Structure formats: structure tokens, C-alpha cells
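Asker: This is the content of final.txt (compact mmCIF, C-alpha atoms):
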```txt
# COMPACT_ATOMS: atom_id res chain seq x y z
CA MET A 1 2.65 -2.92 -15.34
CA ASP A 2 2.86 -5.43 -12.51
CA SER A 3 0.07 -8.01 -12.41
CA ILE A 4 -2.06 -8.31 -9.31
CA ASN A 5 -1.86 -11.50 -7.27
CA TYR A 6 -5.55 -12.10 -6.53
CA ASN A 7 -4.92 -15.42 -4.75
CA ASN A 8 -8.59 -16.43 -4.94
CA ARG A 9 -8.66 -20.01 -6.19
CA LYS A 10 -10.94 -21.27 -3.41
CA LEU A 11 -13.27 -18.33 -3.93
CA ARG A 12 -13.51 -19.07 -7.66
CA ILE A 13 -14.33 -22.72 -7.04
CA GLY A 14 -16.93 -21.82 -4.42
CA ALA A 15 -18.50 -19.17 -6.66
CA ALA A 16 -18.66 -21.62 -9.58
CA LEU A 17 -20.33 -24.24 -7.38
CA VAL A 18 -22.90 -21.84 -5.96
CA ALA A 19 -23.67 -20.43 -9.42
CA SER A 20 -24.05 -23.89 -10.96
CA ILE A 21 -26.40 -25.09 -8.20
CA TYR A 22 -28.50 -21.94 -8.53
CA ILE A 23 -28.68 -22.25 -12.33
CA VAL A 24 -29.69 -25.93 -12.25
CA LEU A 25 -32.38 -25.32 -9.61
CA HIS A 26 -33.51 -21.88 -10.83
CA GLY A 27 -37.24 -22.00 -11.54
CA ARG A 28 -37.38 -25.61 -10.35
CA LEU A 29 -37.20 -25.23 -6.56
CA ASN A 30 -40.50 -27.08 -6.16
CA LEU A 31 -38.78 -30.15 -7.65
CA ILE A 32 -35.69 -30.02 -5.41
CA LEU A 33 -36.50 -33.18 -3.46
CA THR A 34 -37.10 -35.10 -6.67
CA ALA A 35 -33.94 -33.66 -8.19
CA LEU A 36 -31.76 -34.78 -5.27
CA THR A 37 -32.71 -38.39 -5.97
CA SER A 38 -32.32 -38.11 -9.73
CA LEU A 39 -29.14 -39.04 -11.63
CA SER A 40 -29.95 -36.48 -14.32
CA PHE A 41 -29.78 -33.71 -11.71
CA TYR A 42 -26.23 -34.64 -10.76
CA ILE A 43 -25.21 -34.91 -14.40
CA ALA A 44 -26.66 -31.47 -15.10
CA LEU A 45 -24.98 -30.09 -11.97
CA THR A 46 -21.61 -31.55 -13.00
CA VAL A 47 -21.89 -30.07 -16.48
CA SER A 48 -23.04 -26.71 -15.11
CA PHE A 49 -20.24 -26.66 -12.52
CA SER A 50 -17.63 -27.53 -15.14
CA ILE A 51 -18.81 -24.71 -17.40
CA ALA A 52 -18.97 -22.21 -14.50
CA LEU A 53 -15.50 -23.24 -13.34
CA LEU A 54 -14.15 -22.81 -16.86
CA LEU A 55 -15.72 -19.38 -17.17
CA THR A 56 -14.34 -18.21 -13.81
CA TYR A 57 -10.89 -19.42 -14.80
CA TYR A 58 -11.17 -17.61 -18.14
CA VAL A 59 -12.24 -14.34 -16.49
CA HIS A 60 -9.44 -14.72 -13.92
CA LYS A 61 -6.75 -15.20 -16.56
CA ILE A 62 -8.01 -12.53 -18.93
CA THR A 63 -8.29 -10.02 -16.06
CA ILE A 64 -4.68 -10.65 -15.03
CA SER A 65 -3.62 -10.14 -18.66
CA LEU A 66 -5.59 -6.88 -18.88
CA ASP A 67 -4.08 -5.69 -15.59
CA GLU A 68 -0.63 -5.98 -17.16
CA HIS A 69 -1.52 -3.95 -20.24
CA VAL A 70 -4.42 -1.57 -19.48
CA ASP A 71 -4.55 -0.04 -15.99
CA TRP A 72 -7.97 0.66 -14.45
CA ARG A 73 -6.69 3.91 -12.90
CA SER A 74 -4.83 5.42 -15.85
CA ALA A 75 -7.25 4.32 -18.61
CA PRO A 76 -10.64 3.61 -16.97
CA VAL A 77 -12.78 4.01 -20.12
CA LYS A 78 -10.61 1.81 -22.31
CA ARG A 79 -10.28 -0.78 -19.57
CA SER A 80 -14.05 -0.80 -18.93
CA ILE A 81 -14.78 -1.43 -22.61
CA LEU A 82 -12.19 -4.19 -22.86
CA GLN A 83 -13.32 -5.79 -19.60
CA PHE A 84 -16.94 -5.72 -20.76
CA ILE A 85 -16.16 -7.25 -24.15
CA ILE A 86 -13.53 -9.78 -23.10
CA GLY A 87 -14.74 -10.42 -19.56
CA ILE A 88 -18.52 -10.59 -20.10
CA ILE A 89 -19.51 -10.77 -23.78
CA ILE A 90 -17.01 -13.41 -24.91
CA PRO A 91 -17.54 -15.78 -21.94
CA SER A 92 -21.31 -15.39 -22.45
CA PHE A 93 -20.96 -16.74 -25.97
CA LEU A 94 -18.65 -19.47 -24.68
CA ASP A 95 -21.35 -20.47 -22.23
CA ILE A 96 -23.95 -20.61 -25.02
CA PHE A 97 -21.60 -22.78 -27.06
CA PHE A 98 -20.95 -25.26 -24.25
CA VAL A 99 -24.61 -25.44 -23.24
CA TRP A 100 -25.58 -25.95 -26.88
CA ILE A 101 -23.18 -28.91 -27.08
CA TYR A 102 -24.63 -30.39 -23.89
CA PHE A 103 -28.27 -30.10 -24.94
CA THR A 104 -27.53 -31.27 -28.47
CA ALA A 105 -25.97 -34.39 -26.97
CA LEU A 106 -29.23 -34.89 -25.06
CA GLY A 107 -31.23 -34.42 -28.26
CA LYS A 108 -32.77 -31.12 -27.08
CA ASN A 109 -33.09 -27.78 -28.81
CA ILE A 110 -31.53 -24.95 -26.79
CA MET A 111 -34.10 -22.51 -28.20
CA GLU A 112 -37.05 -24.57 -27.03
CA ILE A 113 -36.07 -25.36 -23.42
CA GLY A 114 -36.16 -21.75 -22.18
CA PHE A 115 -32.39 -21.40 -21.71
CA PHE A 116 -32.29 -17.79 -22.95
CA LEU A 117 -35.25 -16.77 -20.80
CA ILE A 118 -34.36 -18.56 -17.57
CA ASP A 119 -30.68 -19.56 -17.36
CA PHE A 120 -28.86 -17.14 -19.63
CA PRO A 121 -29.77 -13.95 -17.65
CA ILE A 122 -28.36 -15.67 -14.55
CA ILE A 123 -25.12 -16.38 -16.42
CA ILE A 124 -24.85 -12.71 -17.44
CA ALA A 125 -25.47 -11.62 -13.84
CA PHE A 126 -22.87 -14.11 -12.57
CA LEU A 127 -20.24 -12.85 -15.04
CA THR A 128 -21.03 -9.23 -14.21
CA ILE A 129 -20.64 -9.83 -10.47
CA LEU A 130 -17.40 -11.72 -11.10
CA ASN A 131 -15.95 -8.86 -13.14
CA LEU A 132 -17.05 -6.30 -10.54
CA TYR A 133 -15.32 -8.39 -7.88
CA TYR A 134 -12.06 -8.17 -9.82
CA LEU A 135 -12.46 -4.43 -10.31
CA ILE A 136 -13.05 -3.79 -6.59
CA HIS A 137 -10.26 -6.17 -5.60
CA TYR A 138 -7.88 -4.44 -8.01
CA LEU A 139 -8.70 -0.97 -6.71
CA LEU A 140 -8.23 -2.05 -3.10
CA LEU A 141 -4.93 -3.79 -3.78
CA THR A 142 -3.45 -1.02 -5.90
CA GLU A 143 -4.58 1.62 -3.40
CA SER A 144 -2.64 -0.15 -0.67
CA LYS A 145 0.34 -0.51 -2.96
CA GLU A 146 0.27 3.19 -3.84
CA ILE A 147 0.10 4.12 -0.18
CA ARG A 148 3.04 1.87 0.61
CA ASP A 149 5.01 3.20 -2.32
CA HIS A 150 4.23 6.79 -1.38
CA SER A 151 5.23 6.19 2.25
CA ARG A 152 8.40 4.41 1.25
CA GLY A 153 9.25 7.22 -1.19
CA ALA A 154 8.64 9.86 1.47
CA ILE A 155 10.92 8.03 3.92
CA GLU A 156 13.60 7.65 1.29
CA ASN A 157 13.39 11.36 0.44
CA ILE A 158 13.76 12.28 4.11
CA GLN A 159 16.65 9.91 4.66
CA SER A 160 18.49 11.25 1.61
CA LYS A 161 17.83 14.94 2.27
CA LYS A 162 21.05 16.89 1.75
CA LEU A 163 22.68 20.12 2.92
CA THR A 164 25.37 21.76 0.82
CA ILE A 165 27.78 24.30 2.29
CA GLU A 166 30.92 26.14 1.24
CA HIS A 167 33.89 25.43 3.49
CA GLU A 168 37.40 26.80 2.97
CA GLY A 169 36.88 27.19 -0.76
CA ALA A 170 35.37 23.72 -1.21
CA THR A 171 31.77 22.57 -1.60
CA ILE A 172 30.71 19.94 0.94
CA GLN A 173 27.46 18.03 0.80
CA PHE A 174 26.00 16.34 3.88
CA VAL A 175 23.28 13.69 4.03
CA VAL A 176 21.50 15.35 6.91
CA THR A 177 20.24 12.34 8.85
CA GLN A 178 23.48 10.38 8.46
CA ASP A 179 26.19 13.06 8.68
CA ILE A 180 24.99 15.78 11.04
CA LEU A 181 24.78 15.33 14.80
CA TYR A 182 23.46 18.79 15.70
CA PHE A 183 23.36 22.46 14.79
CA TYR A 184 24.21 25.09 17.38
CA ARG A 185 24.31 28.87 17.64
CA PHE A 186 27.33 30.66 19.04
CA ARG A 187 27.04 34.44 19.20
CA ASN A 188 25.93 35.56 15.75
CA ARG A 189 26.76 32.41 13.75
CA VAL A 190 25.37 28.90 13.35
CA ASN A 191 27.58 25.82 13.06
CA LEU A 192 26.86 22.18 12.40
CA PHE A 193 28.64 19.46 14.28
CA ALA A 194 29.13 16.33 12.17
CA PHE A 195 29.35 12.72 13.28
CA ASN A 196 32.97 12.78 12.16
CA GLY A 197 33.73 15.26 14.97
CA ASN A 198 34.29 18.29 12.73
CA GLU A 199 32.41 21.58 12.73
CA TYR A 200 31.28 23.63 9.77
CA ARG A 201 29.64 27.03 9.49
CA VAL A 202 26.08 27.26 8.18
CA LYS A 203 24.60 30.42 6.67
CA GLU A 204 21.01 29.76 7.80
CA THR A 205 19.63 30.84 11.15
CA LEU A 206 19.03 28.22 13.82
CA GLY A 207 15.26 28.64 13.49
CA ALA A 208 15.48 28.15 9.72
CA VAL A 209 17.56 25.00 10.18
CA ALA A 210 15.08 23.61 12.72
CA GLU A 211 12.18 24.21 10.33
CA GLN A 212 14.02 22.90 7.27
CA PHE A 213 15.02 19.59 8.86
CA LYS A 214 12.15 18.89 11.29
CA ASP A 215 10.93 16.08 9.02
CA CYS A 216 14.37 14.49 9.32
CA GLY A 217 14.08 14.17 13.09
CA PHE A 218 15.89 17.36 14.06
CA ILE A 219 14.35 19.19 17.02
CA GLN A 220 15.34 22.41 18.69
CA ILE A 221 15.85 21.58 22.37
CA ASN A 222 16.92 24.99 23.69
CA ARG A 223 17.61 28.47 22.41
CA SER A 224 21.03 27.51 20.98
CA LEU A 225 20.84 23.89 19.75
CA VAL A 226 18.96 21.74 17.20
CA LEU A 227 19.60 18.04 17.72
CA ASN A 228 19.41 14.95 15.51
CA PHE A 229 16.99 12.80 17.55
CA SER A 230 18.05 9.57 15.88
CA ILE A 231 20.66 9.36 18.66
CA VAL A 232 18.11 9.90 21.47
CA GLU A 233 16.50 6.87 23.13
CA ASP A 234 14.39 8.50 25.85
CA TYR A 235 14.20 11.36 28.34
CA HIS A 236 13.55 12.04 32.00
CA THR A 237 12.81 15.05 34.16
CA GLY A 238 15.84 17.30 34.54
CA THR A 239 17.53 18.27 37.77
CA LYS A 240 16.64 21.88 37.10
CA ARG A 241 13.03 23.07 37.13
CA ASN A 242 11.13 22.89 33.82
CA THR A 243 13.83 20.93 31.99
CA LEU A 244 14.28 17.49 30.49
CA GLU A 245 17.45 15.47 30.28
CA LEU A 246 17.88 13.24 27.25
CA ILE A 247 19.02 9.64 27.28
CA PHE A 248 21.37 9.01 24.37
CA ASN A 249 22.41 5.91 22.50
CA LYS A 250 25.52 4.69 24.30
CA LYS A 251 27.75 4.76 21.24
CA TYR A 252 27.28 8.54 20.92
CA PHE A 253 27.49 9.43 24.60
CA SER A 254 31.27 9.91 24.76
CA LEU A 255 31.18 12.17 21.71
CA LEU A 256 28.41 14.29 23.24
CA GLU A 257 30.09 14.34 26.63
CA SER A 258 33.21 15.78 25.04
CA GLN A 259 31.06 18.68 23.84
CA GLY A 260 29.67 19.33 27.31
CA ILE A 261 26.61 17.26 28.15
CA ASP A 262 24.89 20.24 29.83
CA ARG A 263 24.34 21.88 26.46
CA PHE A 264 21.88 19.11 25.52
CA VAL A 265 19.31 19.93 28.22
CA VAL A 266 15.78 20.57 26.96
CA THR A 267 14.43 23.87 28.25
CA LYS A 268 10.85 24.81 29.09
CA GLU A 269 9.67 26.20 25.76
CA HIS A 270 10.81 23.07 23.86
CA ILE A 271 9.60 20.35 26.26
CA GLU A 272 6.23 19.79 24.56
CA GLN A 273 7.86 19.34 21.16
CA VAL A 274 10.24 16.70 22.54
CA LYS A 275 7.42 14.85 24.30
CA TYR A 276 5.31 14.96 21.14
CA PHE A 277 8.20 13.41 19.18
CA PHE A 278 8.26 10.40 21.50
CA LYS A 279 4.48 10.05 21.52
CA GLY A 280 4.50 9.84 17.73
CA SER A 281 7.43 7.43 17.53
```
Would you mind writing the structure in this file as C-alpha cells?
Answerer:
Amino acid sequence: MDSINYNNRKLRIGAALVASIYIVLHGRLNLILTALTSLSFYIALTVSFSIALLLTYYVHKITISLDEHVDWRSAPVKRSILQFIIGIIIPSFLDIFFVWIYFTALGKNIMEIGFFLIDFPIIIAFLTILNLYYLIHYLLLTESKEIRDHSRGAIENIQSKKLTIEHEGATIQFVVTQDILYFYRFRNRVNLFAFNGNEYRVKETLGAVAEQFKDCGFIQINRSLVLNFSIVEDYHTGTKRNTLELIFNKKYFSLLESQGIDRFVVTKEHIEQVKYFFKGS
């Protein structure tokens, strides 16, 4: 699995600083003015900040590692258990260990100073919020990625959509968007006209062709023609009533003109569909 780039270094530092200040002052707000002028306050704050920063870094790294091996979406129960154990329980014990070292150095007993009643619940809450942040961040990032991947896959499927026909004893396969200029009906048969200038018979009806390839940008413009709109740049009102005339990419104009440009007029019943195409483009 790909790891997620959380890109949250400043947030981690800020969170560690806020948490350390809160922990040092928690239950002692009435002494804040005294604390601000005391060297011991700044020592305690430095130690607390260092521990909080270390814990945030640990959770960050372990979360990235878990992302690569156990996906939240495909294995939510397993990932929740691992995240709880590795992301909350273990750093909680690490915090106890570091705090124990600090208070031992000061000649104090960690059990007697109220650490487990006052500070430790705050540490657990901090770690829980931090892990929830990573969970929410992960879900938001992977949701976007899935949407992008799905959209890209849909576009690729459309662009590679193929049509296979039998022609003079041979099987020919066309990439619809790249090879076919338009389909047209003549009497009781339907032909396709390719970008290479050749024509081939198609067994489907014109209506079936229009429906089959509408997602590929093919639109029926009159009763006898379905056009690849990748060659169309715009339209304007036609010279005849209730018609539209299409404006084509210049490099295709001579090819279309050789077919008779009048055949590419949009008639009344297909005008709304053409206008809708350009509104959605």
C-alpha cells in the first residue's frame, strides 16, 4: 500500500507545545503568575514539551508504517486494534517511563505527586485525539485519491472504448474516440466514416450507435448522422430556421467539407442535446 503524506510537521510541534503547557499548568492555574517567574516552571515545560514532541513523532511514524501494511478501509477492526495498542497504549507507557526518569532525577516519587490522577489522563486524551486526527486525515485523503482514481479510470475506459466490425473477410477494431469521425445512415444501412478517410459498414442501427457511444462524445445531430464532437469547437444559429451550424477544428474542416458540409447541420430535435454538451464541457 502507498503511505499517506500527512505533511503536518508544524501541526505536530504546535500540538506538542499546547499539550505540554496545558499539562504543566493543569490544576495549577491559580499559580500561573508565580510559575511564569519561576525557573522550575520553564524546566518542567521544556521536559514536558520534549516528551510530547517525542510522542507525537512516534505516533506519526508508527501511523505511516501501519498505513503501509494495514489499511483502515479494508481491515478496520484489525487496524483499530493495532492503532490502539501501538498508537495509544505503548506511547502511554513511554510517557510514564520518561516522566518517572524526570521525577526520579528531582528526588520525587511519581506515585506520590498525583501524576496518575492529574497528568496521566490528559496524556491519554492527547494521544487519543492525535490518533483520531490521523484516522480522519487518512479517510479524507484516501477518499480524494479514490475519487481521482475512479475518475481517471472512467476517462481511460471511455478513451479506449473499442468497436469491432467485419470488413471484407477481415476483423477490424477501432478505438472509437480516436479512429471514428462519424456514423451516418444511408437508406437501410449504417456506415462509419474513419479519420483515415475510409468508410465501413456497421451492423447496429444509428440510434443504437448514438446510445452506445454517447459517453465517448458522440452525439446525433440529425436524423442521419452521429458525430464525434471532439472535432467541434462551438456552434452558432443556422441559416435555416430551427437549426445550428457547427464550428469545427480547422484541421478537420477540409475533410468534412469533402463530405458535404451541409450534412453536419444540427436539426431541431437535436439542438438541446448539442447545447447541453457545450454547457457541460
Asker: Between A:Thr164, A:Asn222, A:Thr37, A:Thr142, single out the one closest to Arg73 of chain A, counting all atoms listed in the file.
Answerer: A:Thr142
Asker: Using all atoms listed in the file, which protein or nucleic acid residues come within 9 Å of Thr63 of chain A? Drop anything in the same chain fewer than 6 positions from it, and give the result as number ranges by chain.
Answerer: A: 83, 86-87, 131, 134
Asker: Give me, as a compact mmCIF listing (two decimals) with C-alpha atoms, keeping the file's coordinate frame, all polymer residues having an atom no more than 6 Å from segment 173-182 of chain A, counting only C-alpha atoms and skipping those fewer than 5 positions away in the same chain.
Answerer:
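The resulting file, selection.txt, is reproduced below:
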```txt
# COMPACT_ATOMS: atom_id res chain seq x y z
CA SER A 160 18.49 11.25 1.61
CA LYS A 161 17.83 14.94 2.27
CA LYS A 162 21.05 16.89 1.75
CA LEU A 163 22.68 20.12 2.92
CA THR A 164 25.37 21.76 0.82
CA LEU A 192 26.86 22.18 12.40
CA PHE A 193 28.64 19.46 14.28
CA ALA A 194 29.13 16.33 12.17
CA PHE A 195 29.35 12.72 13.28
CA VAL A 226 18.96 21.74 17.20
CA LEU A 227 19.60 18.04 17.72
CA ASN A 228 19.41 14.95 15.51
```
Asker: With all atoms listed in the file as the basis for distance, which of A:Phe229, A:His26, A:Glu272, A:Asp215 is at the shortest distance from Gly114 of chain A?
Answerer: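 Closest candidate: A:His26.
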Asker: Nearest to Phe120 of chain A: which of A:Leu225, A:Ala19, A:Leu36, A:Val47 is it, counting all atoms listed in the file?
Answerer: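 Among the listed residues, the smallest separation from Phe120 of chain A belongs to A:Ala19.
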Asker: Could you please determine the separation between atom CA of Ile90 of chain A and atom CA of Ser50 of chain A in Å, to one decimal place?
Answerer: 17.2 Å
Asker: Find the distance between atom CA of Tyr252 of chain A and atom CA of Cys216 of chain A and write it in Å to one decimal.
Answerer: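 Straight-line distance from atom CA of Tyr252 of chain A to atom CA of Cys216 of chain A works out to 18.3 Å.
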Asker: In Å, how far is it from atom CA of Glu112 of chain A to atom CA of Ser48 of chain A?
Answerer: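 Interatomic distance, atom CA of Glu112 of chain A to atom CA of Ser48 of chain A: 18.5 Å.
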Asker: If we count only C-alpha atoms and set the cut-off at 12 Å, which residues sit around Arg223 of chain A, ignoring sequence neighbours fewer than 6 positions away in its own chain? Please answer as a CSV table (one decimal) with C-alpha atoms, in the coordinates of the input.
Answerer:
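Output (part14.csv):
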```csv
chain,number,residue,atom,x,y,z
A,183,PHE,CA,23.4,22.5,14.8
A,184,TYR,CA,24.2,25.1,17.4
A,185,ARG,CA,24.3,28.9,17.6
A,186,PHE,CA,27.3,30.7,19.0
A,187,ARG,CA,27.0,34.4,19.2
A,190,VAL,CA,25.4,28.9,13.4
A,205,THR,CA,19.6,30.8,11.2
A,206,LEU,CA,19.0,28.2,13.8
A,207,GLY,CA,15.3,28.6,13.5
A,210,ALA,CA,15.1,23.6,12.7
A,263,ARG,CA,24.3,21.9,26.5
A,264,PHE,CA,21.9,19.1,25.5
A,265,VAL,CA,19.3,19.9,28.2
A,266,VAL,CA,15.8,20.6,27.0
A,267,THR,CA,14.4,23.9,28.2
A,268,LYS,CA,10.8,24.8,29.1
A,269,GLU,CA,9.7,26.2,25.8
A,270,HIS,CA,10.8,23.1,23.9
```
Asker: Between A:Ala15, A:Leu246, A:Val274, A:Leu140, which has the minimum distance to Lys214 of chain A (counting all atoms listed in the file)?
Answerer: A:Val274
Asker: Anything within 9 Å of (-17.1, -12.6, -10.4): list those residues as a ChimeraX atom specification, counting all atoms listed in the file and sticking to the file's coordinates.
Answerer: /A:12,15,56,59-60,126-134
Asker: Padding 4 Å on each side, edges along x, y and z: where is the centre of the box around the listed atoms of segment 16-24 of chain A, and how long are its edges in Å to one decimal? Output it as AutoDock Vina command-line options.
Answerer:
```
--center_x -24.2 --center_y -23.2 --center_z -9.1 --size_x 19.0 --size_y 13.5 --size_z 14.4
```
Asker: Of the residues A:His236, A:Tyr57, A:Ile43, A:Phe218, which is the one nearest to Ile13 of chain A, using all atoms listed in the file?
Answerer: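 Once distances to Ile13 of chain A are computed over all atoms listed in the file, the minimum belongs to A:Tyr57.
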Asker: Using all atoms listed in the file, pick whichever of A:Leu255, A:Val232, A:Val24, A:Val77 has the shortest atom-to-atom distance to Asp119 of chain A.
Answerer: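 Under the stated criterion, the closest residue is A:Val24.
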Asker: Need to verify the contact set: Pro76 of chain A, 12 Å, only C-alpha atoms, exclusion of same-chain residues closer than 6 positions in sequence. Can you return it as a list in words?
Answerer: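 Neighbouring residues, sequence-local ones excluded: Leu66, Asp67, Val70, Leu82, Gln83, Phe84, Leu135 and Leu139 of chain A.
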Asker: I need the chosen residues saved as a short mmCIF file (atom, residue, chain, number, x, y, z; two decimals), in the coordinates of the input, with C-alpha atoms.
Answerer:
```cif
data_model
loop_
_atom_site.label_atom_id
_atom_site.label_comp_id
_atom_site.auth_asym_id
_atom_site.auth_seq_id
_atom_site.Cartn_x
_atom_site.Cartn_y
_atom_site.Cartn_z
CA LEU A 66 -5.59 -6.88 -18.88
CA ASP A 67 -4.08 -5.69 -15.59
CA VAL A 70 -4.42 -1.57 -19.48
CA LEU A 82 -12.19 -4.19 -22.86
CA GLN A 83 -13.32 -5.79 -19.60
CA PHE A 84 -16.94 -5.72 -20.76
CA LEU A 135 -12.46 -4.43 -10.31
CA LEU A 139 -8.70 -0.97 -6.71
#
```
Asker: Quick one: everything within 7 Å of Asn249 of chain A, counting only C-alpha atoms, minus sequence neighbours fewer than 4 positions away in the same chain. Send it as a PyMOL selection string.
Answerer: chain A and resi 231-233+253
Asker: Could I get segment 202-214 of chain A from the block written out with C-alpha atoms, as an mmCIF file, in the first residue's frame?
Answerer:
```cif
data_model
loop_
_atom_site.group_PDB
_atom_site.id
_atom_site.type_symbol
_atom_site.label_atom_id
_atom_site.label_comp_id
_atom_site.auth_asym_id
_atom_site.auth_seq_id
_atom_site.Cartn_x
_atom_site.Cartn_y
_atom_site.Cartn_z
ATOM 1 C CA VAL A 202 -21.804 -1.166 -39.191
ATOM 2 C CA LYS A 203 -24.499 -3.674 -38.260
ATOM 3 C CA GLU A 204 -26.055 -1.565 -35.479
ATOM 4 C CA THR A 205 -28.787 0.993 -36.058
ATOM 5 C CA LEU A 206 -27.917 4.677 -35.877
ATOM 6 C CA GLY A 207 -29.899 5.063 -32.653
ATOM 7 C CA ALA A 208 -28.043 2.132 -31.087
ATOM 8 C CA VAL A 209 -24.697 3.618 -32.091
ATOM 9 C CA ALA A 210 -25.653 7.007 -30.629
ATOM 10 C CA GLU A 211 -26.634 5.395 -27.325
ATOM 11 C CA GLN A 212 -23.614 3.090 -27.201
ATOM 12 C CA PHE A 213 -21.051 5.854 -27.711
ATOM 13 C CA LYS A 214 -22.706 8.887 -26.086
#
```
